[in-house]
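Colleague: Sharing a structure below in C-alpha cells format, with a few things to ask.
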Amino acid sequence: MKVIITKDNIEGGTKAFEIIKKGMGNGAKVLGLATGSSPIPMYDDMCDSDLDFSNMTSINLDEYYGLNPDNDQSYHYFMQKHLFDKKPFKNSYIPNGMAKDIDEEVDRYNEIIADNPIDIQILGIGRNGHIAFNEPGTPFGSLTHKVNLTESTIKANSRFFDNEDEVPRQAICMGIKSIMQSKKIVLLAFGESKQDAIKALVEGPVTEEVPASILQDHPDVTIICDEEAAAKLSDKYRK
Ligand code: GLP
C-alpha cells in the first residue's frame, strides 16, 4: 500500500489525476468512479485536461435508493455536473436508484461490472471506514447489493440536504469483492474528520468492522491524503 501525503485536496486531486492519465496511457479503458467531496478536485483536473474519455467506460460505485437522476442530491446529478457534462464517456454506468425491482437492478449492475473489469477504481472513505456505501459489518465477499445506511453516514451526508429527514435511508452499492477485483485502486481522503478512518485503513487490523481495511490485501493501492487526514499515521508513512 502506497501512501502519498499532500498539502491539500487540490494537490491530492492532481496526484490522482496523474495516476489516471498514466493508466490511460498504459491502456486503461474502464474507470471506477466515486462521488463525495474528496474526488472533486480530481474531476476538475480531468475536465480541464485535454484527455479524451469518449472511448472509455465508467462505472460508479453507488446511488441513493429513491432519488431521481435529476434530483440535485443524486449521484447521477453529481457525476453529470462534475464530469460527464464536460467529458462524456462512451458508456457511463450508475445504479438506477429508481428501479422498481431492486433485485433485478442489483443483478444488472453485477453483470455490467463482470463485463467491464475495472482498471482503476477511485474511492473516498467514510468517517466510519466505509467505502462506497459498504458500511461496517458488510461481508468482504459482497457483490452489488441494497444497503441500509447507518446513522453516522446519514448524519455525515445530511450536510448536503436541507435537513436530515431528507437523506435517503437506503442505497444501491457495488460490493467489496467487486471493488477488490479492480486492477488498481486510488483512495482519496482529506481533513481531520478522516484521521481515524485513515489510521484504521492503513495500520489497523483487517476487519469487516472497518470495510476499507480490506484494501491492505490488494496488490496495487495508493492512498492520497492531506496532512490532516494523515495526522495519526506512524512516522514511517509520513516521510
Ligand atoms: C458517501 C459516499 C462515499 C464517499 C463518502 C465520503 O458516503 N457514498 O462513496 O466516499 O461519502 O464522502 P466525502 O468525500 O464527501 O467525505
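Every chain in the C-alpha cells takes a letter, A first, then B, and so on in the order presented; its residues are numbered from 1, and the ligands are numbered from 1 following the presented order.
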Throw together the list of residues within 10 Å of ligand 1, counting only C-alpha atoms and all ligand atoms, and drop it here as a CSV table (one decimal) with all heavy atoms, in the first residue's frame.
Modeller:
chain,number,residue,atom,x,y,z
A,33,LEU,N,-15.7,5.0,-10.7
A,33,LEU,CA,-15.7,6.4,-10.2
A,33,LEU,C,-16.5,6.5,-8.9
A,33,LEU,O,-17.4,5.7,-8.6
A,33,LEU,CB,-16.3,7.3,-11.2
A,33,LEU,CG,-15.5,7.4,-12.5
A,33,LEU,CD1,-16.1,8.3,-13.6
A,33,LEU,CD2,-14.0,7.8,-12.3
A,34,ALA,N,-16.2,7.6,-8.1
A,34,ALA,CA,-16.8,7.8,-6.8
A,34,ALA,C,-17.4,9.2,-6.7
A,34,ALA,O,-17.0,10.1,-7.4
A,34,ALA,CB,-15.7,7.6,-5.7
A,35,THR,N,-18.3,9.3,-5.8
A,35,THR,CA,-18.9,10.7,-5.5
A,35,THR,C,-18.3,11.1,-4.2
A,35,THR,O,-17.4,10.6,-3.7
A,35,THR,CB,-20.4,10.6,-5.5
A,35,THR,OG1,-20.8,9.6,-4.6
A,35,THR,CG2,-20.9,10.3,-6.9
A,36,GLY,N,-19.0,12.2,-3.6
A,36,GLY,CA,-18.4,12.7,-2.4
A,36,GLY,C,-17.5,13.9,-2.7
A,36,GLY,O,-17.2,14.2,-3.9
A,37,SER,N,-17.2,14.7,-1.7
A,37,SER,CA,-16.4,15.9,-1.9
A,37,SER,C,-14.9,15.6,-2.3
A,37,SER,O,-14.3,16.3,-3.0
A,37,SER,CB,-16.4,16.8,-0.7
A,37,SER,OG,-16.1,16.1,0.4
A,38,SER,N,-14.4,14.4,-1.8
A,38,SER,CA,-13.0,14.2,-2.0
A,38,SER,C,-12.5,14.1,-3.4
A,38,SER,O,-11.4,14.6,-3.7
A,38,SER,CB,-12.6,12.9,-1.2
A,38,SER,OG,-13.0,12.9,0.1
A,39,PRO,N,-13.2,13.4,-4.3
A,39,PRO,CA,-12.7,13.4,-5.7
A,39,PRO,C,-13.0,14.6,-6.6
A,39,PRO,O,-12.5,14.7,-7.7
A,39,PRO,CB,-13.4,12.2,-6.3
A,39,PRO,CG,-14.6,12.0,-5.5
A,39,PRO,CD,-14.4,12.6,-4.2
A,40,ILE,N,-13.6,15.6,-6.0
A,40,ILE,CA,-14.0,16.8,-6.9
A,40,ILE,C,-12.8,17.5,-7.5
A,40,ILE,O,-12.8,17.7,-8.7
A,40,ILE,CB,-14.9,17.8,-6.1
A,40,ILE,CG1,-16.3,17.1,-5.9
A,40,ILE,CG2,-15.0,19.1,-6.9
A,40,ILE,CD1,-17.3,18.0,-5.1
A,60,ASN,N,-19.9,3.7,-11.8
A,60,ASN,CA,-19.9,4.4,-10.5
A,60,ASN,C,-20.2,3.3,-9.3
A,60,ASN,O,-20.8,2.3,-9.6
A,60,ASN,CB,-20.9,5.5,-10.4
A,60,ASN,CG,-20.3,6.8,-10.6
A,60,ASN,OD1,-19.9,7.2,-11.8
A,60,ASN,ND2,-20.1,7.6,-9.6
A,61,LEU,N,-19.7,3.7,-8.2
A,61,LEU,CA,-19.8,2.8,-7.0
A,61,LEU,C,-21.3,2.7,-6.5
A,61,LEU,O,-21.6,1.6,-6.1
A,61,LEU,CB,-19.0,3.4,-5.8
A,61,LEU,CG,-17.5,3.4,-6.0
A,61,LEU,CD1,-16.9,4.2,-4.9
A,61,LEU,CD2,-17.0,1.9,-5.8
A,62,ASP,N,-22.0,3.7,-6.5
A,62,ASP,CA,-23.3,3.7,-5.7
A,62,ASP,C,-24.3,4.8,-6.1
A,62,ASP,O,-23.9,5.7,-6.9
A,62,ASP,CB,-23.0,3.7,-4.2
A,62,ASP,CG,-22.0,4.9,-3.9
A,62,ASP,OD1,-21.7,5.7,-4.7
A,62,ASP,OD2,-21.6,4.9,-2.7
A,63,GLU,N,-25.5,4.6,-5.6
A,63,GLU,CA,-26.5,5.6,-5.8
A,63,GLU,C,-27.5,5.5,-4.7
A,63,GLU,O,-27.8,4.4,-4.2
A,63,GLU,CB,-27.2,5.4,-7.2
A,63,GLU,CG,-28.4,6.3,-7.5
A,63,GLU,CD,-28.1,7.8,-7.5
A,63,GLU,OE1,-27.8,8.4,-6.4
A,63,GLU,OE2,-28.0,8.4,-8.6
A,64,TYR,N,-28.1,6.6,-4.3
A,64,TYR,CA,-29.1,6.6,-3.3
A,64,TYR,C,-30.3,5.9,-3.9
A,64,TYR,O,-30.6,6.0,-5.1
A,64,TYR,CB,-29.6,8.0,-2.9
A,64,TYR,CG,-28.6,8.7,-2.0
A,64,TYR,CD1,-28.0,9.9,-2.5
A,64,TYR,CD2,-28.3,8.3,-0.7
A,64,TYR,CE1,-27.1,10.6,-1.6
A,64,TYR,CE2,-27.5,9.0,0.1
A,64,TYR,CZ,-26.9,10.1,-0.3
A,64,TYR,OH,-26.0,10.8,0.5
A,75,TYR,N,-26.5,10.8,-7.2
A,75,TYR,CA,-25.1,10.7,-7.7
A,75,TYR,C,-25.1,10.8,-9.2
A,75,TYR,O,-24.0,11.1,-9.8
A,75,TYR,CB,-24.5,9.4,-7.1
A,75,TYR,CG,-24.2,9.5,-5.6
A,75,TYR,CD1,-23.9,8.3,-4.9
A,75,TYR,CD2,-24.2,10.7,-5.0
A,75,TYR,CE1,-23.6,8.4,-3.5
A,75,TYR,CE2,-24.0,10.8,-3.6
A,75,TYR,CZ,-23.7,9.6,-2.9
A,75,TYR,OH,-23.4,9.7,-1.6
A,122,ILE,N,-11.5,4.6,-8.3
A,122,ILE,CA,-11.3,5.8,-7.4
A,122,ILE,C,-12.2,5.5,-6.2
A,122,ILE,O,-13.4,5.2,-6.3
A,122,ILE,CB,-11.7,7.1,-8.1
A,122,ILE,CG1,-10.8,7.3,-9.4
A,122,ILE,CG2,-11.6,8.3,-7.1
A,122,ILE,CD1,-9.3,7.4,-9.1
A,123,LEU,N,-11.7,5.8,-5.0
A,123,LEU,CA,-12.5,5.7,-3.8
A,123,LEU,C,-12.4,6.9,-2.9
A,123,LEU,O,-11.3,7.5,-2.8
A,123,LEU,CB,-12.1,4.4,-2.9
A,123,LEU,CG,-12.3,3.0,-3.5
A,123,LEU,CD1,-11.7,2.0,-2.5
A,123,LEU,CD2,-13.8,2.7,-3.7
A,124,GLY,N,-13.5,7.2,-2.1
A,124,GLY,CA,-13.4,8.0,-0.9
A,124,GLY,C,-13.5,7.1,0.3
A,124,GLY,O,-13.4,5.9,0.1
A,125,ILE,N,-13.6,7.7,1.4
A,125,ILE,CA,-13.8,6.9,2.6
A,125,ILE,C,-14.7,7.6,3.6
A,125,ILE,O,-14.6,8.8,3.7
A,125,ILE,CB,-12.4,6.5,3.3
A,125,ILE,CG1,-12.6,5.5,4.4
A,125,ILE,CG2,-11.7,7.8,3.7
A,125,ILE,CD1,-11.3,4.9,5.0
A,126,GLY,N,-15.6,6.9,4.2
A,126,GLY,CA,-16.5,7.5,5.2
A,126,GLY,C,-15.7,7.6,6.5
A,126,GLY,O,-14.7,6.9,6.8
A,127,ARG,N,-16.3,8.4,7.4
A,127,ARG,CA,-15.6,8.6,8.7
A,127,ARG,C,-15.6,7.3,9.5
A,127,ARG,O,-14.7,7.1,10.4
A,127,ARG,CB,-16.4,9.6,9.5
A,127,ARG,CG,-16.4,11.0,8.9
A,127,ARG,CD,-17.4,11.9,9.5
A,127,ARG,NE,-17.7,13.0,8.6
A,127,ARG,CZ,-18.2,14.1,8.9
A,127,ARG,NH1,-18.6,14.4,10.2
A,127,ARG,NH2,-18.5,15.1,8.0
A,128,ASN,N,-16.5,6.4,9.2
A,128,ASN,CA,-16.6,5.1,10.0
A,128,ASN,C,-15.8,4.0,9.2
A,128,ASN,O,-15.9,2.8,9.5
A,128,ASN,CB,-18.0,4.7,10.2
A,128,ASN,CG,-18.8,4.5,8.9
A,128,ASN,OD1,-18.3,4.6,7.8
A,128,ASN,ND2,-20.1,4.2,9.1
A,129,GLY,N,-15.1,4.4,8.2
A,129,GLY,CA,-14.3,3.5,7.4
A,129,GLY,C,-15.0,2.8,6.2
A,129,GLY,O,-14.6,1.9,5.6
A,130,HIS,N,-16.2,3.3,5.9
A,130,HIS,CA,-17.0,2.7,4.8
A,130,HIS,C,-16.4,3.1,3.5
A,130,HIS,O,-15.7,4.2,3.3
A,130,HIS,CB,-18.5,3.0,4.9
A,130,HIS,CG,-18.9,4.4,4.5
A,130,HIS,ND1,-19.7,5.2,5.3
A,130,HIS,CD2,-18.8,5.1,3.4
A,130,HIS,CE1,-19.9,6.3,4.7
A,130,HIS,NE2,-19.4,6.3,3.5
A,131,ILE,N,-16.5,2.2,2.5
A,131,ILE,CA,-16.1,2.5,1.1
A,131,ILE,C,-17.3,2.3,0.3
A,131,ILE,O,-18.0,1.4,0.4
A,131,ILE,CB,-14.9,1.7,0.6
A,131,ILE,CG1,-15.0,0.2,1.0
A,131,ILE,CG2,-13.6,2.3,1.1
A,131,ILE,CD1,-13.9,-0.6,0.4
A,132,ALA,N,-17.6,3.3,-0.6
A,132,ALA,CA,-18.8,3.4,-1.3
A,132,ALA,C,-19.9,3.5,-0.2
A,132,ALA,O,-19.8,4.3,0.7
A,132,ALA,CB,-19.1,2.3,-2.3
A,133,PHE,N,-20.9,2.7,-0.2
A,133,PHE,CA,-21.8,2.6,0.9
A,133,PHE,C,-21.7,1.3,1.6
A,133,PHE,O,-22.7,0.8,2.2
A,133,PHE,CB,-23.3,2.9,0.5
A,133,PHE,CG,-23.6,4.4,0.4
A,133,PHE,CD1,-24.3,4.9,-0.7
A,133,PHE,CD2,-23.4,5.2,1.5
A,133,PHE,CE1,-24.6,6.2,-0.8
A,133,PHE,CE2,-23.7,6.6,1.4
A,133,PHE,CZ,-24.4,7.1,0.3
A,134,ASN,N,-20.6,0.7,1.5
A,134,ASN,CA,-20.4,-0.6,2.3
A,134,ASN,C,-20.0,-0.2,3.7
A,134,ASN,O,-18.9,0.1,4.1
A,134,ASN,CB,-19.2,-1.4,1.6
A,134,ASN,CG,-19.6,-1.9,0.3
A,134,ASN,OD1,-20.5,-2.7,0.1
A,134,ASN,ND2,-18.9,-1.4,-0.8
A,135,GLU,N,-21.1,-0.3,4.5
A,135,GLU,CA,-21.0,0.1,5.9
A,135,GLU,C,-20.3,-1.0,6.8
A,135,GLU,O,-20.1,-2.1,6.3
A,135,GLU,CB,-22.4,0.3,6.5
A,135,GLU,CG,-23.1,1.4,5.8
A,135,GLU,CD,-22.7,2.8,6.2
A,135,GLU,OE1,-21.7,3.0,6.9
A,135,GLU,OE2,-23.5,3.8,5.9
A,149,LEU,N,-28.4,2.6,5.2
A,149,LEU,CA,-27.3,3.5,5.6
A,149,LEU,C,-27.3,3.6,7.2
A,149,LEU,O,-28.4,3.5,7.8
A,149,LEU,CB,-27.5,4.9,5.0
A,149,LEU,CG,-27.6,4.9,3.5
A,149,LEU,CD1,-27.7,6.3,3.0
A,149,LEU,CD2,-26.3,4.2,2.9
A,150,THR,N,-26.1,3.7,7.7
A,150,THR,CA,-26.0,3.8,9.2
A,150,THR,C,-26.4,5.2,9.6
A,150,THR,O,-26.3,6.2,8.8
A,150,THR,CB,-24.6,3.5,9.7
A,150,THR,OG1,-23.7,4.5,9.1
A,150,THR,CG2,-24.2,2.1,9.3
A,152,SER,N,-24.6,7.2,11.4
A,152,SER,CA,-23.4,8.1,11.2
A,152,SER,C,-23.3,8.6,9.8
A,152,SER,O,-23.0,9.7,9.5
A,152,SER,CB,-22.2,7.4,11.7
A,152,SER,OG,-21.4,6.8,10.7
A,153,THR,N,-23.6,7.7,8.8
A,153,THR,CA,-23.5,8.1,7.4
A,153,THR,C,-24.6,9.1,7.1
A,153,THR,O,-24.4,10.1,6.4
A,153,THR,CB,-23.5,6.9,6.5
A,153,THR,OG1,-22.4,6.1,6.8
A,153,THR,CG2,-23.5,7.3,5.0
A,154,ILE,N,-25.8,8.8,7.6
A,154,ILE,CA,-27.0,9.7,7.3
A,154,ILE,C,-26.6,11.1,7.9
A,154,ILE,O,-26.8,12.1,7.2
A,154,ILE,CB,-28.2,9.1,7.9
A,154,ILE,CG1,-28.7,7.9,7.2
A,154,ILE,CG2,-29.4,10.2,7.9
A,154,ILE,CD1,-29.7,7.0,7.9
A,156,ALA,N,-23.6,12.3,8.5
A,156,ALA,CA,-22.5,13.0,7.8
A,156,ALA,C,-23.0,13.5,6.4
A,156,ALA,O,-22.6,14.6,6.0
A,156,ALA,CB,-21.4,11.9,7.5
A,157,ASN,N,-23.9,12.8,5.8
A,157,ASN,CA,-24.3,13.2,4.4
A,157,ASN,C,-25.4,14.3,4.5
A,157,ASN,O,-25.8,14.8,3.5
A,157,ASN,CB,-24.7,12.0,3.6
A,157,ASN,CG,-23.5,11.2,3.2
A,157,ASN,OD1,-22.4,11.5,3.6
A,157,ASN,ND2,-23.7,10.1,2.5
A,159,ARG,N,-25.3,17.1,5.5
A,159,ARG,CA,-24.8,18.4,5.2
A,159,ARG,C,-25.2,18.9,3.8
A,159,ARG,O,-25.2,20.0,3.5
A,159,ARG,CB,-23.3,18.6,5.5
A,159,ARG,CG,-22.4,17.8,4.5
A,159,ARG,CD,-21.0,17.8,5.1
A,159,ARG,NE,-20.0,17.3,4.1
A,159,ARG,CZ,-19.7,16.0,3.9
A,159,ARG,NH1,-20.3,15.1,4.6
A,159,ARG,NH2,-18.7,15.7,3.1
A,160,PHE,N,-25.4,17.9,2.9
A,160,PHE,CA,-25.8,18.2,1.5
A,160,PHE,C,-27.3,18.4,1.3
A,160,PHE,O,-27.7,18.8,0.3
A,160,PHE,CB,-25.3,17.1,0.6
A,160,PHE,CG,-23.8,16.9,0.7
A,160,PHE,CD1,-23.3,15.7,1.2
A,160,PHE,CD2,-22.9,17.9,0.3
A,160,PHE,CE1,-21.9,15.5,1.2
A,160,PHE,CE2,-21.5,17.7,0.4
A,160,PHE,CZ,-21.0,16.5,0.9
A,171,ALA,N,-29.5,2.7,-0.2
A,171,ALA,CA,-28.7,2.9,-1.4
A,171,ALA,C,-28.4,1.6,-2.1
A,171,ALA,O,-28.6,0.5,-1.5
A,171,ALA,CB,-27.4,3.6,-1.0
A,172,ILE,N,-28.0,1.7,-3.4
A,172,ILE,CA,-27.5,0.5,-4.1
A,172,ILE,C,-26.0,0.7,-4.3
A,172,ILE,O,-25.6,1.8,-4.6
A,172,ILE,CB,-28.2,0.4,-5.5
A,172,ILE,CG1,-29.7,0.3,-5.4
A,172,ILE,CG2,-27.6,-0.8,-6.2
A,172,ILE,CD1,-30.4,0.4,-6.7
A,173,CYS,N,-25.3,-0.3,-4.0
A,173,CYS,CA,-23.9,-0.1,-3.8
A,173,CYS,C,-23.1,-1.3,-4.4
A,173,CYS,O,-23.4,-2.5,-4.1
A,173,CYS,CB,-23.6,0.1,-2.4
A,173,CYS,SG,-21.9,0.1,-1.9
A,187,LEU,N,-7.4,5.8,-3.3
A,187,LEU,CA,-8.4,6.3,-2.3
A,187,LEU,C,-8.0,7.7,-1.9
A,187,LEU,O,-6.8,7.9,-1.6
A,187,LEU,CB,-8.4,5.3,-1.1
A,187,LEU,CG,-9.4,5.7,0.0
A,187,LEU,CD1,-10.1,4.4,0.5
A,187,LEU,CD2,-8.8,6.5,1.1
A,188,LEU,N,-8.9,8.6,-1.9
A,188,LEU,CA,-8.7,10.0,-1.5
A,188,LEU,C,-9.4,10.3,-0.2
A,188,LEU,O,-10.5,9.9,0.0
A,188,LEU,CB,-9.3,10.8,-2.6
A,188,LEU,CG,-8.7,10.7,-4.0
A,188,LEU,CD1,-9.7,11.1,-5.1
A,188,LEU,CD2,-7.4,11.5,-4.1
A,189,ALA,N,-8.6,11.0,0.7
A,189,ALA,CA,-9.2,11.4,2.0
A,189,ALA,C,-8.6,12.7,2.5
A,189,ALA,O,-7.3,12.8,2.5
A,189,ALA,CB,-9.0,10.3,3.0
A,190,PHE,N,-9.4,13.6,2.8
A,190,PHE,CA,-8.9,14.9,3.2
A,190,PHE,C,-9.6,15.4,4.5
A,190,PHE,O,-10.8,15.2,4.6
A,190,PHE,CB,-9.0,15.9,2.1
A,190,PHE,CG,-8.4,15.5,0.8
A,190,PHE,CD1,-9.2,15.1,-0.3
A,190,PHE,CD2,-7.1,15.4,0.6
A,190,PHE,CE1,-8.7,14.6,-1.5
A,190,PHE,CE2,-6.5,15.0,-0.6
A,190,PHE,CZ,-7.3,14.6,-1.6
A,191,GLY,N,-8.8,16.1,5.3
A,191,GLY,CA,-9.4,16.7,6.5
A,191,GLY,C,-9.4,15.9,7.8
A,191,GLY,O,-9.3,14.6,7.7
A,193,SER,N,-11.6,15.0,9.9
A,193,SER,CA,-12.7,14.0,10.2
A,193,SER,C,-12.3,12.6,9.6
A,193,SER,O,-13.0,11.7,10.0
A,193,SER,CB,-14.0,14.5,9.6
A,193,SER,OG,-13.9,14.5,8.2
A,194,LYS,N,-11.3,12.6,8.8
A,194,LYS,CA,-10.9,11.2,8.2
A,194,LYS,C,-9.7,10.6,8.9
A,194,LYS,O,-9.3,9.5,8.6
A,194,LYS,CB,-10.6,11.4,6.7
A,194,LYS,CG,-11.7,12.0,5.9
A,194,LYS,CD,-12.9,11.0,5.8
A,194,LYS,CE,-14.2,11.6,5.2
A,194,LYS,NZ,-14.1,11.8,3.8
Colleague: Residues near Tyr93 (chain A), anyone? I mean within 8 Å using only C-alpha atoms, not counting same-chain ones fewer than 6 positions away, as a list in words.
Modeller: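 Contacts, with the query itself left out: Thr57, Ser58, Ile59, Asn60 and Ile112 of chain A.
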Colleague: Could you give me the residues within region 71-138 of chain A that DSSP places in strand (DSSP E), as a list in words?
Modeller: Asn91, Ser92, Tyr93, Ile120, Gln121, Ile122 and Leu123 of chain A
Colleague: Next, the residues of the selection above should be written as a PDB file, in the first residue's frame with N, CA and C atoms.
Modeller:
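What ended up in again.pdb:
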ATOM      1  N   ASN A  91     -19.509   4.864 -22.436  1.00  0.00           N
ATOM      2  CA  ASN A  91     -20.578   4.311 -21.594  1.00  0.00           C
ATOM      3  C   ASN A  91     -20.332   4.738 -20.159  1.00  0.00           C
ATOM      4  N   SER A  92     -21.372   5.204 -19.494  1.00  0.00           N
ATOM      5  CA  SER A  92     -21.261   5.532 -18.069  1.00  0.00           C
ATOM      6  C   SER A  92     -22.370   4.818 -17.310  1.00  0.00           C
ATOM      7  N   TYR A  93     -21.969   3.991 -16.374  1.00  0.00           N
ATOM      8  CA  TYR A  93     -22.952   3.222 -15.607  1.00  0.00           C
ATOM      9  C   TYR A  93     -23.022   3.712 -14.161  1.00  0.00           C
ATOM     10  N   ILE A 120      -8.990   1.096 -13.099  1.00  0.00           N
ATOM     11  CA  ILE A 120      -8.597   1.990 -11.995  1.00  0.00           C
ATOM     12  C   ILE A 120      -9.862   2.362 -11.233  1.00  0.00           C
ATOM     13  N   GLN A 121      -9.880   2.049  -9.950  1.00  0.00           N
ATOM     14  CA  GLN A 121     -11.035   2.383  -9.123  1.00  0.00           C
ATOM     15  C   GLN A 121     -10.685   3.545  -8.196  1.00  0.00           C
ATOM     16  N   ILE A 122     -11.456   4.619  -8.273  1.00  0.00           N
ATOM     17  CA  ILE A 122     -11.304   5.755  -7.366  1.00  0.00           C
ATOM     18  C   ILE A 122     -12.241   5.548  -6.170  1.00  0.00           C
ATOM     19  N   LEU A 123     -11.728   5.799  -4.976  1.00  0.00           N
ATOM     20  CA  LEU A 123     -12.550   5.655  -3.764  1.00  0.00           C
ATOM     21  C   LEU A 123     -12.404   6.877  -2.863  1.00  0.00           C
TER      22      LEU A 123
END
Colleague: With distances taken over only C-alpha atoms, which residue among A:Ile113, A:Val206, A:Met46, A:Met1 lies nearest Gly13 (chain A)?
Modeller: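 Ranked by minimum distance to Gly13 (chain A), first place goes to A:Met46.
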Colleague: So which bits of region 78-221 of chain A end up alpha helix (DSSP H) when you DSSP the backbone, as a PyMOL selection string?
Modeller: chain A and resi 78-79+102-115+151-157+176-180+195-203
Colleague: From the list A:Ala114, A:Met42, A:Leu67, A:Ala28, which residue is nearest Thr144 (chain A) when using only C-alpha atoms?
Modeller: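 Smallest separation from Thr144 (chain A) among the options: A:Ala114.
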Colleague: When you count only C-alpha atoms, which of these residues is closest to Cys47 (chain A): A:Val147, A:Ala230, A:Met79, A:Ile223?
Modeller: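 Of A:Val147, A:Ala230, A:Met79, A:Ile223, the one nearest Cys47 (chain A), counting only C-alpha atoms, is A:Met79.
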Colleague: Which residue is closest to Glu105 (chain A)? Choose from A:Gly175, A:His145, A:Ala229, A:Met56 and count only C-alpha atoms.
Modeller: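 Smallest distance to Glu105 (chain A) is found for A:His145.
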Colleague: Provide the CA of Ser54 (chain A) to CA of Lys21 (chain A) distance in Å, to one decimal place.
Modeller: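 Pair CA of Ser54 (chain A) / CA of Lys21 (chain A) returns 14.2 Å.
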Colleague: Show which residues sit within 8 Å of Leu83 (chain A), as a list in words. Count only C-alpha atoms, and ignore same-chain residues fewer than 2 positions away.
Modeller: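 What passes the distance filter is Tyr43, Asp44, Met46, Cys47, Met79, Gln80, Lys81, Asp85, Lys86, Lys87 and Pro88 of chain A.
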Colleague: Can you write just those residues out, all heavy atoms, as a CSV table (one decimal), in the first residue's frame?
Modeller:
chain,number,residue,atom,x,y,z
A,43,TYR,N,-11.8,15.5,-10.4
A,43,TYR,CA,-12.6,15.7,-11.6
A,43,TYR,C,-12.4,17.0,-12.3
A,43,TYR,O,-12.5,17.2,-13.5
A,43,TYR,CB,-14.1,15.6,-11.2
A,43,TYR,CG,-14.5,14.2,-10.8
A,43,TYR,CD1,-15.3,13.9,-9.7
A,43,TYR,CD2,-14.0,13.1,-11.5
A,43,TYR,CE1,-15.7,12.6,-9.3
A,43,TYR,CE2,-14.4,11.8,-11.1
A,43,TYR,CZ,-15.2,11.6,-10.0
A,43,TYR,OH,-15.5,10.3,-9.7
A,44,ASP,N,-12.1,18.1,-11.5
A,44,ASP,CA,-11.8,19.4,-12.0
A,44,ASP,C,-10.6,19.3,-13.0
A,44,ASP,O,-10.6,19.8,-14.1
A,44,ASP,CB,-11.5,20.4,-10.9
A,44,ASP,CG,-12.8,20.8,-10.2
A,44,ASP,OD1,-13.9,20.5,-10.7
A,44,ASP,OD2,-12.6,21.3,-9.1
A,46,MET,N,-9.5,16.6,-14.5
A,46,MET,CA,-9.9,15.8,-15.7
A,46,MET,C,-10.6,16.7,-16.7
A,46,MET,O,-10.4,16.7,-17.9
A,46,MET,CB,-10.8,14.6,-15.3
A,46,MET,CG,-10.1,13.5,-14.5
A,46,MET,SD,-11.2,12.3,-13.8
A,46,MET,CE,-11.7,11.3,-15.2
A,47,CYS,N,-11.6,17.6,-16.1
A,47,CYS,CA,-12.3,18.4,-17.0
A,47,CYS,C,-11.4,19.5,-17.7
A,47,CYS,O,-11.6,19.8,-18.9
A,47,CYS,CB,-13.4,19.2,-16.2
A,47,CYS,SG,-14.7,18.1,-15.7
A,79,MET,N,-22.4,13.3,-11.0
A,79,MET,CA,-21.5,12.9,-12.0
A,79,MET,C,-21.6,13.8,-13.3
A,79,MET,O,-20.6,14.1,-13.9
A,79,MET,CB,-21.6,11.4,-12.3
A,79,MET,CG,-21.1,10.5,-11.2
A,79,MET,SD,-19.5,10.8,-10.6
A,79,MET,CE,-18.5,10.7,-12.1
A,80,GLN,N,-22.9,14.1,-13.6
A,80,GLN,CA,-23.1,15.0,-14.8
A,80,GLN,C,-22.4,16.3,-14.6
A,80,GLN,O,-21.7,16.8,-15.4
A,80,GLN,CB,-24.6,15.2,-15.0
A,80,GLN,CG,-25.4,14.2,-15.7
A,80,GLN,CD,-24.8,13.8,-17.1
A,80,GLN,OE1,-24.6,12.6,-17.3
A,80,GLN,NE2,-24.4,14.7,-17.9
A,81,LYS,N,-22.7,16.8,-13.4
A,81,LYS,CA,-22.2,18.2,-13.0
A,81,LYS,C,-20.7,18.2,-13.0
A,81,LYS,O,-20.1,19.2,-13.5
A,81,LYS,CB,-22.8,18.6,-11.7
A,81,LYS,CG,-22.4,19.9,-11.2
A,81,LYS,CD,-23.1,20.3,-10.0
A,81,LYS,CE,-22.4,21.4,-9.2
A,81,LYS,NZ,-22.9,21.6,-7.9
A,85,ASP,N,-20.8,16.2,-18.1
A,85,ASP,CA,-21.2,17.3,-19.0
A,85,ASP,C,-20.1,17.8,-19.8
A,85,ASP,O,-20.2,18.2,-21.0
A,85,ASP,CB,-21.8,18.5,-18.1
A,85,ASP,CG,-23.2,18.2,-17.7
A,85,ASP,OD1,-23.9,17.3,-18.3
A,85,ASP,OD2,-23.7,19.0,-16.8
A,86,LYS,N,-18.9,17.8,-19.1
A,86,LYS,CA,-17.7,18.4,-19.9
A,86,LYS,C,-16.9,17.3,-20.6
A,86,LYS,O,-16.3,17.5,-21.6
A,86,LYS,CB,-16.8,19.1,-18.9
A,86,LYS,CG,-17.3,20.4,-18.4
A,86,LYS,CD,-16.2,21.3,-17.9
A,86,LYS,CE,-16.8,22.5,-17.2
A,86,LYS,NZ,-16.6,22.4,-15.7
A,87,LYS,N,-16.9,16.1,-20.0
A,87,LYS,CA,-16.1,15.0,-20.5
A,87,LYS,C,-17.0,13.7,-20.6
A,87,LYS,O,-17.0,12.9,-19.7
A,87,LYS,CB,-14.9,14.7,-19.6
A,87,LYS,CG,-13.9,15.8,-19.6
A,87,LYS,CD,-13.0,15.8,-20.8
A,87,LYS,CE,-11.9,16.8,-20.7
A,87,LYS,NZ,-11.2,17.0,-22.0
A,88,PRO,N,-17.7,13.6,-21.7
A,88,PRO,CA,-18.5,12.4,-21.9
A,88,PRO,C,-17.7,11.1,-22.1
A,88,PRO,O,-16.6,11.2,-22.7
A,88,PRO,CB,-19.4,12.7,-23.1
A,88,PRO,CG,-18.7,13.9,-23.8
A,88,PRO,CD,-17.8,14.6,-22.8
Colleague: Find the distance between CA of Val30 (chain A) and CA of Asp107 (chain A) and write it in Å to one decimal.
Modeller: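 Taking CA of Val30 (chain A) and CA of Asp107 (chain A), their separation equals 19.5 Å.
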Colleague: I'd like the neighbourhood of Lys177 (chain A) as a list in words, where a residue qualifies if any of its atoms comes within 8 Å (using only C-alpha atoms), though same-chain residues fewer than 2 positions away should be ignored.
Modeller: Phe140, Gly141, Ser142, Leu143, Gly175, Ile179, Met180 and Gln181 of chain A
Colleague: Would you compute the distance between CA of Pro168 (chain A) and CA of Asp72 (chain A)? Give it in Å to one decimal.
Modeller: 13.0 Å
Colleague: Nearest residue to Asn9 (chain A) out of A:Glu164, A:Asp45, A:Glu104, A:Glu209, using only C-alpha atoms?
Modeller: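 Ranked by minimum distance to Asn9 (chain A), first place goes to A:Asp45.
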Colleague: Which residues come within 9 Å of Ala231 (chain A), counting only C-alpha atoms, excluding same-chain residues fewer than 4 positions away, as a list in words?
Modeller: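 Counting only the stated atoms, we get Glu192, Gln195, Lys199, Asp226, Glu227 and Arg238 of chain A.
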